[in-house]
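Asker: What follows is a single structure, and I will ask about it in a moment.
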Amino acid sequence: MGFYQRHLFFCLNEREDGKQCCNQGGQAAAAFHAAKKQAKALGIHGEGQVRVNRSGCLGRCSEGPLAVVYPEGVWYTYVDEQDVREIVESHLRDGLPVERLRI
């Protein structure tokens, strides 16, 4: 097993050319912070468990905001903090991908 069971990466890219990006209006940054805080509160963040990470552009700008969980390679989009909470609880904690948010 690797150092972490799972990684949740949030694209925090911001484009200066006005084109769509995941962090328009700071939505992705807020989601990242909420997910990290929740994972810590659940006691699942850290060595041997899960890690919530920032990411640069993940190359799927038109589908954003988005996040991806590895090693499964499950891509998500989300609308609000409730969606992010569901990803953390269901996928990171319980190992069950959230089908309604999958891309």
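Within each chain, counting starts at residue 1; across the structure tokens, chains are named A, B, ... in the order shown, with ligands numbered 1 upward in that order.
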Any idea what's packed within 12 Å of A:Ala39, counting only C-alpha atoms, ignoring anything in its chain fewer than 4 positions away? Could you give it as a list in words?

Answerer: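 In the requested form, the answer reads Arg6, His7, Leu8, Phe32, His33, Ala34, Ala35, Gly43, Ile44, His45, Gly46, Gln49, Val50, Arg51, Val52, Asn53, Val84, Arg85, Glu86, Ile87, Val88, Glu89, Ser90, His91, Leu92, Arg93 and Asp94 of chain A.
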
Asker: Convert the current residue selection to file output with C-alpha atoms, as an mmCIF file, in the first residue's frame.

Answerer:
data_model
loop_
_atom_site.group_PDB
_atom_site.id
_atom_site.type_symbol
_atom_site.label_atom_id
_atom_site.label_comp_id
_atom_site.auth_asym_id
_atom_site.auth_seq_id
_atom_site.Cartn_x
_atom_site.Cartn_y
_atom_site.Cartn_z
ATOM 1 C CA ARG A 6 -6.574 7.945 -1.422
ATOM 2 C CA HIS A 7 -5.835 11.440 -2.676
ATOM 3 C CA LEU A 8 -8.525 13.999 -3.441
ATOM 4 C CA PHE A 32 -10.730 22.449 -1.128
ATOM 5 C CA HIS A 33 -10.639 24.065 2.323
ATOM 6 C CA ALA A 34 -14.012 22.582 3.279
ATOM 7 C CA ALA A 35 -12.942 19.067 2.217
ATOM 8 C CA GLY A 43 -10.082 11.680 11.609
ATOM 9 C CA ILE A 44 -9.302 10.297 8.139
ATOM 10 C CA HIS A 45 -6.673 12.826 6.997
ATOM 11 C CA GLY A 46 -3.047 11.822 7.303
ATOM 12 C CA GLN A 49 -5.394 7.351 5.268
ATOM 13 C CA VAL A 50 -6.358 10.146 2.873
ATOM 14 C CA ARG A 51 -4.972 13.467 1.742
ATOM 15 C CA VAL A 52 -6.768 16.459 0.248
ATOM 16 C CA ASN A 53 -4.531 18.324 -2.203
ATOM 17 C CA VAL A 84 -18.028 18.143 -1.286
ATOM 18 C CA ARG A 85 -19.105 16.765 2.087
ATOM 19 C CA GLU A 86 -20.748 13.828 0.328
ATOM 20 C CA ILE A 87 -17.557 13.070 -1.628
ATOM 21 C CA VAL A 88 -15.465 13.133 1.561
ATOM 22 C CA GLU A 89 -17.842 10.983 3.588
ATOM 23 C CA SER A 90 -18.890 8.510 0.920
ATOM 24 C CA HIS A 91 -15.749 8.116 -1.178
ATOM 25 C CA LEU A 92 -12.835 9.056 1.048
ATOM 26 C CA ARG A 93 -14.166 7.654 4.307
ATOM 27 C CA ASP A 94 -16.407 4.795 3.138
#

Asker: List the neighbours of A:Phe3 out to 8 Å using only C-alpha atoms; skip same-chain residues closer than 2 positions along the sequence, and give me the result as a list of chain:residue names.

Answerer: A:Met1, A:Gln5, A:Glu47, A:Gly48, A:Gln49

Asker: The selected residues should be written to file as a PDB file, in the first residue's frame (atoms: N, CA and C atoms).

Answerer:
ATOM      1  N   MET A   1       0.831  -1.177   0.000  1.00  0.00           N
ATOM      2  CA  MET A   1       0.000   0.000   0.000  1.00  0.00           C
ATOM      3  C   MET A   1       0.878   1.243   0.000  1.00  0.00           C
ATOM      4  N   GLN A   5      -4.059   6.049   1.324  1.00  0.00           N
ATOM      5  CA  GLN A   5      -5.025   5.173   0.661  1.00  0.00           C
ATOM      6  C   GLN A   5      -5.646   5.876  -0.537  1.00  0.00           C
ATOM      7  N   GLU A  47      -1.242  10.277   7.217  1.00  0.00           N
ATOM      8  CA  GLU A  47      -0.481   9.108   6.795  1.00  0.00           C
ATOM      9  C   GLU A  47      -1.292   7.818   6.930  1.00  0.00           C
ATOM     10  N   GLY A  48      -1.280   7.029   5.862  1.00  0.00           N
ATOM     11  CA  GLY A  48      -1.994   5.763   5.852  1.00  0.00           C
ATOM     12  C   GLY A  48      -3.482   5.892   5.601  1.00  0.00           C
ATOM     13  N   GLN A  49      -3.966   7.112   5.461  1.00  0.00           N
ATOM     14  CA  GLN A  49      -5.394   7.351   5.268  1.00  0.00           C
ATOM     15  C   GLN A  49      -5.616   8.127   3.977  1.00  0.00           C
TER      16      GLN A  49
END

Asker: What's the 8 Å shell around A:Trp75, counting only C-alpha atoms, without same-chain residues fewer than 6 positions away, as a list in words?

Answerer: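 Residues meeting the cut-off are Leu66, Ala67, Val68, Val69, Arg102 and Ile103 of chain A.
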
Asker: Please compute the atom CA of A:Lys19-atom CA of A:Lys36 distance, one decimal, in Å.

Answerer: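 Computing the Euclidean distance for atom CA of A:Lys19 and atom CA of A:Lys36 yields 27.3 Å.
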
Asker: Per DSSP on the backbone, filter chain A down to the residues in strand (DSSP E or B) and report them as a PDB file with N, CA and C atoms, in the first residue's frame.

Answerer:
ATOM      1  N   ARG A   6      -5.954   7.168  -0.358  1.00  0.00           N
ATOM      2  CA  ARG A   6      -6.574   7.945  -1.422  1.00  0.00           C
ATOM      3  C   ARG A   6      -6.099   9.389  -1.368  1.00  0.00           C
ATOM      4  N   HIS A   7      -6.065  10.004  -2.541  1.00  0.00           N
ATOM      5  CA  HIS A   7      -5.835  11.440  -2.676  1.00  0.00           C
ATOM      6  C   HIS A   7      -7.060  12.063  -3.319  1.00  0.00           C
ATOM      7  N   LEU A   8      -7.487  13.197  -2.804  1.00  0.00           N
ATOM      8  CA  LEU A   8      -8.525  13.999  -3.441  1.00  0.00           C
ATOM      9  C   LEU A   8      -7.857  15.285  -3.913  1.00  0.00           C
ATOM     10  N   PHE A   9      -7.801  15.458  -5.231  1.00  0.00           N
ATOM     11  CA  PHE A   9      -7.182  16.641  -5.827  1.00  0.00           C
ATOM     12  C   PHE A   9      -8.266  17.593  -6.311  1.00  0.00           C
ATOM     13  N   PHE A  10      -8.173  18.859  -5.900  1.00  0.00           N
ATOM     14  CA  PHE A  10      -9.061  19.914  -6.380  1.00  0.00           C
ATOM     15  C   PHE A  10      -8.293  20.801  -7.342  1.00  0.00           C
ATOM     16  N   CYS A  11      -8.825  20.975  -8.546  1.00  0.00           N
ATOM     17  CA  CYS A  11      -8.227  21.919  -9.487  1.00  0.00           C
ATOM     18  C   CYS A  11      -8.493  23.327  -8.962  1.00  0.00           C
ATOM     19  N   HIS A  45      -7.705  12.103   7.743  1.00  0.00           N
ATOM     20  CA  HIS A  45      -6.673  12.826   6.997  1.00  0.00           C
ATOM     21  C   HIS A  45      -5.314  12.547   7.612  1.00  0.00           C
ATOM     22  N   VAL A  50      -6.106   9.346   4.072  1.00  0.00           N
ATOM     23  CA  VAL A  50      -6.358  10.146   2.873  1.00  0.00           C
ATOM     24  C   VAL A  50      -5.668  11.498   2.974  1.00  0.00           C
ATOM     25  N   ARG A  51      -5.545  12.124   1.824  1.00  0.00           N
ATOM     26  CA  ARG A  51      -4.972  13.467   1.742  1.00  0.00           C
ATOM     27  C   ARG A  51      -5.793  14.275   0.759  1.00  0.00           C
ATOM     28  N   VAL A  52      -6.074  15.520   1.119  1.00  0.00           N
ATOM     29  CA  VAL A  52      -6.768  16.459   0.248  1.00  0.00           C
ATOM     30  C   VAL A  52      -5.724  17.441  -0.260  1.00  0.00           C
ATOM     31  N   ASN A  53      -5.585  17.524  -1.589  1.00  0.00           N
ATOM     32  CA  ASN A  53      -4.531  18.324  -2.203  1.00  0.00           C
ATOM     33  C   ASN A  53      -5.076  19.353  -3.183  1.00  0.00           C
ATOM     34  N   ARG A  54      -4.298  20.425  -3.334  1.00  0.00           N
ATOM     35  CA  ARG A  54      -4.516  21.408  -4.402  1.00  0.00           C
ATOM     36  C   ARG A  54      -3.915  20.847  -5.675  1.00  0.00           C
ATOM     37  N   SER A  55      -4.458  21.278  -6.784  1.00  0.00           N
ATOM     38  CA  SER A  55      -3.905  20.890  -8.074  1.00  0.00           C
ATOM     39  C   SER A  55      -3.956  22.084  -9.007  1.00  0.00           C
ATOM     40  N   LEU A  66     -13.975  20.908 -10.771  1.00  0.00           N
ATOM     41  CA  LEU A  66     -13.829  19.470 -10.633  1.00  0.00           C
ATOM     42  C   LEU A  66     -12.737  19.069  -9.682  1.00  0.00           C
ATOM     43  N   ALA A  67     -12.850  17.798  -9.288  1.00  0.00           N
ATOM     44  CA  ALA A  67     -11.885  17.163  -8.401  1.00  0.00           C
ATOM     45  C   ALA A  67     -11.746  15.719  -8.862  1.00  0.00           C
ATOM     46  N   VAL A  68     -10.661  15.077  -8.462  1.00  0.00           N
ATOM     47  CA  VAL A  68     -10.440  13.685  -8.833  1.00  0.00           C
ATOM     48  C   VAL A  68      -9.869  12.933  -7.638  1.00  0.00           C
ATOM     49  N   VAL A  69     -10.325  11.706  -7.472  1.00  0.00           N
ATOM     50  CA  VAL A  69      -9.844  10.845  -6.385  1.00  0.00           C
ATOM     51  C   VAL A  69      -8.978   9.755  -6.991  1.00  0.00           C
ATOM     52  N   TYR A  70      -7.752   9.656  -6.484  1.00  0.00           N
ATOM     53  CA  TYR A  70      -6.845   8.573  -6.881  1.00  0.00           C
ATOM     54  C   TYR A  70      -6.568   7.706  -5.674  1.00  0.00           C
ATOM     55  N   VAL A  74     -11.483   8.530 -10.096  1.00  0.00           N
ATOM     56  CA  VAL A  74     -12.877   8.945 -10.195  1.00  0.00           C
ATOM     57  C   VAL A  74     -12.926  10.470 -10.249  1.00  0.00           C
ATOM     58  N   TRP A  75     -13.511  10.992 -11.337  1.00  0.00           N
ATOM     59  CA  TRP A  75     -13.624  12.434 -11.556  1.00  0.00           C
ATOM     60  C   TRP A  75     -14.990  12.911 -11.090  1.00  0.00           C
ATOM     61  N   TYR A  76     -14.970  14.052 -10.388  1.00  0.00           N
ATOM     62  CA  TYR A  76     -16.201  14.635  -9.859  1.00  0.00           C
ATOM     63  C   TYR A  76     -16.341  16.083 -10.280  1.00  0.00           C
ATOM     64  N   THR A  77     -17.591  16.508 -10.384  1.00  0.00           N
ATOM     65  CA  THR A  77     -17.925  17.918 -10.399  1.00  0.00           C
ATOM     66  C   THR A  77     -18.801  18.152  -9.175  1.00  0.00           C
ATOM     67  N   ARG A 102     -20.302  12.095 -10.404  1.00  0.00           N
ATOM     68  CA  ARG A 102     -19.239  11.645 -11.316  1.00  0.00           C
ATOM     69  C   ARG A 102     -19.347  12.305 -12.682  1.00  0.00           C
TER      70      ARG A 102
END

Asker: Which residues, written as a ChimeraX atom specification, have at least one atom at most 9 Å from A:Arg60, with only C-alpha atoms counted and residues fewer than 4 positions away on the same chain left out?

Answerer: /A:21-22,64-66

Asker: Do you have the atom CA of A:Gln82-atom CA of A:Gly2 distance handy?

Answerer: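 The value is 28.9 Å.
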
Asker: List the spatial neighbours of stretch 23-30 of chain A as a list in words - criterion: any atom at most 6 Å away, only C-alpha atoms, same-chain residues fewer than 3 positions off excluded.

Answerer: Leu12, Asn13, Glu14 and His33 of chain A

Asker: Interatomic distance between atom CA of A:Gly56 and atom CA of A:Val98?

Answerer: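 Between atom CA of A:Gly56 and atom CA of A:Val98 the gap is 23.0 Å.
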
Asker: Residues of chain A in helix (DSSP H, G or I) according to DSSP, as a PyMOL selection string?

Answerer: chain A and resi 24-41+61-63+81-93+99-101
